[in-house]
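Shown here: model_2.pdb, PDB, C-alpha atoms.
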```
MODEL        1
ATOM      1  CA  MET A  12      12.974  13.148 -17.577
ATOM      2  CA  ARG A  13      14.100  16.270 -15.732
ATOM      3  CA  CYS A  14      16.974  15.913 -13.299
ATOM      4  CA  PRO A  15      15.640  16.447  -9.747
ATOM      5  CA  ILE A  16      18.922  18.153  -8.792
ATOM      6  CA  CYS A  17      19.599  20.651 -11.598
ATOM      7  CA  GLY A  18      16.326  20.500 -13.583
ATOM      8  CA  VAL A  19      17.957  19.834 -16.965
ATOM      9  CA  ASP A  20      16.011  17.568 -19.325
ATOM     10  CA  ASN A  21      18.951  15.507 -20.549
ATOM     11  CA  ASP A  22      19.793  12.152 -19.007
ATOM     12  CA  LYS A  23      20.730   8.607 -19.895
ATOM     13  CA  VAL A  24      19.463   5.322 -18.494
ATOM     14  CA  ILE A  25      22.260   3.389 -16.799
ATOM     15  CA  ASP A  26      20.318   0.392 -15.529
ATOM     16  CA  SER A  27      16.786  -0.944 -15.975
ATOM     17  CA  ARG A  28      15.157  -3.787 -14.073
ATOM     18  CA  ALA A  29      11.826  -4.964 -12.710
ATOM     19  CA  SER A  30      11.090  -3.658  -9.232
ATOM     20  CA  ASP A  31      10.494  -5.935  -6.247
ATOM     21  CA  ASP A  32       6.746  -6.132  -6.732
ATOM     22  CA  GLY A  33       7.027  -6.898 -10.462
ATOM     23  CA  PHE A  34       4.521  -4.178 -11.365
ATOM     24  CA  ALA A  35       7.063  -1.481 -12.161
ATOM     25  CA  ILE A  36      10.376  -0.938 -13.894
ATOM     26  CA  ARG A  37      13.140   0.685 -11.877
ATOM     27  CA  ARG A  38      15.442   2.836 -13.975
ATOM     28  CA  ARG A  39      18.750   4.230 -12.739
ATOM     29  CA  ARG A  40      19.525   7.446 -14.613
ATOM     30  CA  GLU A  41      22.453   9.846 -14.868
ATOM     31  CA  CYS A  42      22.060  13.538 -15.661
ATOM     32  CA  MET A  43      24.238  14.496 -18.619
ATOM     33  CA  ASP A  44      24.637  18.024 -17.251
ATOM     34  CA  CYS A  45      25.503  17.649 -13.545
ATOM     35  CA  SER A  46      26.455  13.904 -13.620
ATOM     36  CA  ARG A  47      24.246  13.151 -10.585
ATOM     37  CA  ARG A  48      22.372   9.860 -10.530
ATOM     38  CA  PHE A  49      18.719   9.324  -9.642
ATOM     39  CA  THR A  50      16.121   6.568  -9.779
ATOM     40  CA  THR A  51      12.737   6.585 -11.510
ATOM     41  CA  TYR A  52       9.941   4.028 -11.539
ATOM     42  CA  GLU A  53       7.756   3.324 -14.525
ATOM     43  CA  ARG A  54       4.360   1.779 -13.792
ATOM     44  CA  LEU A  55       1.719   0.423 -16.102
ATOM     45  CA  GLU A  56      -1.095   2.907 -16.429
ATOM     46  CA  GLU A  57      -4.027   0.882 -15.236
ATOM     47  CA  MET A  58      -7.654   1.535 -15.885
ATOM     48  CA  GLU A  59      -8.776   3.918 -13.226
ATOM     49  CA  VAL A  60     -10.606   2.149 -10.434
ATOM     50  CA  LYS A  61     -12.705   4.438  -8.273
ATOM     51  CA  VAL A  62     -13.022   3.990  -4.527
ATOM     52  CA  VAL A  63     -16.586   4.537  -3.332
ATOM     53  CA  LYS A  64     -16.548   6.174   0.105
ATOM     54  CA  LYS A  65     -19.200   5.611   2.790
ATOM     55  CA  ASP A  66     -20.878   8.906   1.888
ATOM     56  CA  GLY A  67     -21.064   7.918  -1.809
ATOM     57  CA  VAL A  68     -18.207  10.140  -2.979
ATOM     58  CA  ARG A  69     -16.007   8.484  -5.605
ATOM     59  CA  GLU A  70     -12.291   9.149  -5.854
ATOM     60  CA  PRO A  71      -9.492   7.470  -7.823
ATOM     61  CA  PHE A  72      -7.701   4.592  -6.100
ATOM     62  CA  ASN A  73      -4.444   5.918  -4.659
ATOM     63  CA  ARG A  74      -1.809   3.360  -3.673
ATOM     64  CA  GLU A  75       0.183   6.016  -1.793
ATOM     65  CA  LYS A  76      -2.792   6.822   0.409
ATOM     66  CA  MET A  77      -3.144   3.119   1.266
ATOM     67  CA  ARG A  78       0.604   2.862   1.872
ATOM     68  CA  SER A  79       0.514   5.878   4.177
ATOM     69  CA  GLY A  80      -2.288   4.358   6.265
ATOM     70  CA  LEU A  81      -0.419   1.073   6.512
ATOM     71  CA  ALA A  82       2.793   2.842   7.494
ATOM     72  CA  LYS A  83       0.941   4.532  10.367
ATOM     73  CA  ALA A  84      -0.519   1.207  11.515
ATOM     74  CA  CYS A  85       2.924  -0.441  11.331
ATOM     75  CA  TRP A  86       4.760   2.387  13.095
ATOM     76  CA  LYS A  87       7.299   1.057  15.627
ATOM     77  CA  ARG A  88       6.541  -2.531  14.621
ATOM     78  CA  PRO A  89       9.102  -4.970  13.189
ATOM     79  CA  ILE A  90       7.777  -4.492   9.659
ATOM     80  CA  SER A  91      10.034  -3.306   6.864
ATOM     81  CA  ASP A  92       9.149  -0.882   4.091
ATOM     82  CA  ALA A  93       9.582  -3.768   1.665
ATOM     83  CA  GLN A  94       6.896  -5.760   3.507
ATOM     84  CA  ILE A  95       4.517  -2.788   3.448
ATOM     85  CA  ASN A  96       5.198  -2.246  -0.264
ATOM     86  CA  ALA A  97       4.592  -5.944  -0.959
ATOM     87  CA  LEU A  98       1.276  -5.792   0.898
ATOM     88  CA  VAL A  99       0.220  -2.671  -1.036
ATOM     89  CA  SER A 100       1.195  -4.287  -4.349
ATOM     90  CA  SER A 101      -0.672  -7.457  -3.477
ATOM     91  CA  VAL A 102      -3.857  -5.575  -2.586
ATOM     92  CA  GLU A 103      -3.511  -3.379  -5.682
ATOM     93  CA  ALA A 104      -3.140  -6.431  -7.931
ATOM     94  CA  ARG A 105      -6.200  -7.988  -6.343
ATOM     95  CA  ILE A 106      -8.213  -4.787  -6.859
ATOM     96  CA  TYR A 107      -7.361  -4.649 -10.557
ATOM     97  CA  SER A 108      -8.036  -8.342 -11.075
ATOM     98  CA  GLU A 109     -11.353  -8.483  -9.181
ATOM     99  CA  HIS A 110     -12.870  -5.033  -9.778
ATOM    100  CA  GLU A 111     -13.326  -3.324 -13.114
ATOM    101  CA  ALA A 112     -14.508   0.171 -12.290
ATOM    102  CA  GLU A 113     -15.291   0.624  -8.594
ATOM    103  CA  ILE A 114     -14.548  -0.804  -5.172
ATOM    104  CA  GLY A 115     -16.201   0.122  -1.896
ATOM    105  CA  THR A 116     -14.082   1.245   1.029
ATOM    106  CA  SER A 117     -15.410  -1.702   3.039
ATOM    107  CA  ASP A 118     -14.133  -4.207   0.450
ATOM    108  CA  LEU A 119     -10.813  -2.379   0.179
ATOM    109  CA  GLY A 120     -10.396  -2.233   3.956
ATOM    110  CA  ASP A 121     -11.238  -5.930   4.286
ATOM    111  CA  MET A 122      -8.592  -6.824   1.681
ATOM    112  CA  VAL A 123      -5.975  -4.821   3.572
ATOM    113  CA  MET A 124      -7.008  -6.247   6.942
ATOM    114  CA  ASP A 125      -6.904  -9.852   5.688
ATOM    115  CA  GLN A 126      -3.286  -9.463   4.665
ATOM    116  CA  LEU A 127      -2.272  -7.272   7.602
ATOM    117  CA  LYS A 128      -3.599  -9.851  10.062
ATOM    118  CA  GLU A 129      -1.100 -12.359   8.663
ATOM    119  CA  LEU A 130       1.744  -9.851   8.795
ATOM    120  CA  ASP A 131       1.371  -8.357  12.290
ATOM    121  CA  GLU A 132      -1.504  -8.580  14.762
ATOM    122  CA  VAL A 133      -0.748  -5.281  16.520
ATOM    123  CA  ALA A 134      -0.665  -3.391  13.208
ATOM    124  CA  TYR A 135      -3.888  -5.190  12.288
ATOM    125  CA  VAL A 136      -5.657  -3.927  15.430
ATOM    126  CA  ARG A 137      -4.305  -0.400  14.900
ATOM    127  CA  PHE A 138      -5.559  -0.381  11.308
ATOM    128  CA  ALA A 139      -8.910  -1.878  12.360
ATOM    129  CA  SER A 140      -9.394   0.790  15.036
ATOM    130  CA  VAL A 141      -9.273   3.531  12.409
ATOM    131  CA  TYR A 142     -10.950   1.619   9.573
ATOM    132  CA  ARG A 143     -13.854   0.405  11.714
ATOM    133  CA  GLN A 144     -13.983   3.632  13.725
ATOM    134  CA  PHE A 145     -13.754   2.102  17.188
ATOM    135  CA  LYS A 146     -15.627   4.208  19.718
ATOM    136  CA  ASP A 147     -14.503   2.604  22.990
ATOM    137  CA  VAL A 148     -12.598  -0.290  24.579
ATOM    138  CA  ARG A 149     -15.454  -2.730  23.903
ATOM    139  CA  ASP A 150     -14.852  -2.332  20.173
ATOM    140  CA  PHE A 151     -11.203  -3.350  20.668
ATOM    141  CA  VAL A 152     -12.222  -6.350  22.775
ATOM    142  CA  ASP A 153     -14.776  -7.453  20.160
ATOM    143  CA  GLU A 154     -12.090  -7.288  17.464
ATOM    144  CA  LEU A 155      -9.589  -9.217  19.601
ATOM    145  CA  LYS A 156     -11.930 -12.056  20.725
ATOM    146  CA  PRO A 157     -11.704 -14.079  17.477
ATOM    147  CA  MET A 158      -7.906 -13.641  17.394
ATOM    148  CA  LEU A 159      -7.570 -14.801  21.014
ATOM    149  CA  LYS A 160      -9.820 -17.823  20.385
ATOM    150  CA  GLN A 161      -7.718 -18.738  17.342
ATOM    151  CA  GLN A 162      -4.497 -18.507  19.350
ATOM    152  CA  ALA A 163      -5.981 -20.608  22.179
ATOM    153  CA  ALA A 164      -7.026 -23.256  19.653
ATOM    154  CA  LYS A 165      -3.466 -23.449  18.282
ATOM    155  CA  LYS A 166      -2.065 -24.211  21.760
TER     156      LYS A 166
ENDMDL
END
```
Let's see the structure in the file written out as structure tokens.
Amino acid sequence: MRCPICGVDNDKVIDSRASDDGFAIRRRRECMDCSRRFTTYERLEEMEVKVVKKDGVREPFNREKMRSGLAKACWKRPISDAQINALVSSVEARIYSEHEAEIGTSDLGDMVMDQLKELDEVAYVRFASVYRQFKDVRDFVDELKPMLKQQAAKK
């Protein structure tokens, strides 16, 4: 592993442990040249699941792209990075356990929305507005009606 500070390919592993989501190993390393410390993550190389877009284009599943979209939906909400990472890991695990080669964007979006709804309703509506391509206020109202009925039933 090359040191991100000085670029030398000589380091030692100081600490190794499973990451929070359990799907990666977090390694704390020290450069033998400049003595700076840095962290790396080792992930299992999964079979490559393709995401089938609405226009039929297939691209490799990218957890960072999903994380980025979730981070935008959760912006200025009381949701930590750890919660977003846990949601991404949960959806990723479900993808690899339920789909062998391909998953449609509609199935992927539904998986994310199911979990996001439990985490934060505002982030859920933000994500839904982009995912379902809301055109006007009626689309927002249609998405909110079931949530409002559910809340009224709880009271």
To verify the selection step, state as a ChimeraX atom specification which residues the PyMOL selection byres ((chain A and resi 122-130) around 9) yields on this input. /A:77,81,90,94,98-99,101-102,105-106,117-121,131-136,138-139
Residue nearest Pro15 of chain A among A:Ala104, A:Ile36, A:Cys42, A:Ile95 (counting all atoms listed in the file): A:Cys42
From the list A:Ala97, A:Ala35, A:Val141, A:Ile114, which residue is nearest Ala84 of chain A when using all atoms listed in the file?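 Among A:Ala97, A:Ala35, A:Val141, A:Ile114, it is A:Val141 that comes nearest to Ala84 of chain A.
Take atom CA of Phe49 of chain A and atom CA of Ser30 of chain A: the distance between them is 15.1 Å.
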Could you tell me how far atom CA of Ser100 of chain A sits from atom CA of Arg88 of chain A, in Å to one decimal place? 19.8 Å
Give the centre and edge lengths of an axis-aligned box, in Å to one decimal, that holds all listed atoms of segment 128-139 of chain A with 4 Å on each side, as JSON.
```
{"center_x": -3.6, "center_y": -6.4, "center_z": 12.6, "size_x": 18.7, "size_y": 20.0, "size_z": 15.9}
```
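Checking A:Gln161, A:Ser46, A:Thr116, A:Ser79 one by one against Asp22 of chain A, counting only C-alpha atoms, you find the shortest gap at A:Ser46.
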Best match for closeness to Asn96 of chain A among A:Arg149, A:Arg38, A:Arg74, A:Glu109, counting only C-alpha atoms: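 Looking at the shortest contact to Asn96 of chain A, the residue is A:Arg74.
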Report as a list in words all protein, DNA and RNA residues lying within 7 Å of segment 59-68 of chain A, evaluated on all atoms listed in the file, omitting residues in the same chain fewer than 4 positions from it.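 Once the adjacent positions are removed, what remains is Phe72, Glu111, Ala112, Glu113, Ile114, Gly115 and Thr116 of chain A.
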What would the file look like if the residues just selected were written as a PDB file, keeping the file's coordinate frame with C-alpha atoms?
```pdb
ATOM      1  CA  PHE A  72      -7.701   4.592  -6.100  1.00  0.00           C
ATOM      2  CA  GLU A 111     -13.326  -3.324 -13.114  1.00  0.00           C
ATOM      3  CA  ALA A 112     -14.508   0.171 -12.290  1.00  0.00           C
ATOM      4  CA  GLU A 113     -15.291   0.624  -8.594  1.00  0.00           C
ATOM      5  CA  ILE A 114     -14.548  -0.804  -5.172  1.00  0.00           C
ATOM      6  CA  GLY A 115     -16.201   0.122  -1.896  1.00  0.00           C
ATOM      7  CA  THR A 116     -14.082   1.245   1.029  1.00  0.00           C
TER       8      THR A 116
END
```
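The closest residue to Arg39 of chain A, picked from A:Lys87, A:Lys23, A:Arg69, A:Arg54 and counting all atoms listed in the file, is A:Lys23.
Here atom CA of Glu53 of chain A is placed at a distance of 19.2 Å from atom CA of Gly18 of chain A.
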So which residues touch Asn21 of chain A within 8 Å, counting all atoms listed in the file, skipping near sequence neighbours fewer than 6 positions away, as a PyMOL selection string? chain A and resi 12-14+42-44
Residue among A:Glu154, A:Asp26, A:Ser140, A:Gln162 lying closest to Glu41 of chain A, counting all atoms listed in the file: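 Under the stated criterion, the closest residue is A:Asp26.
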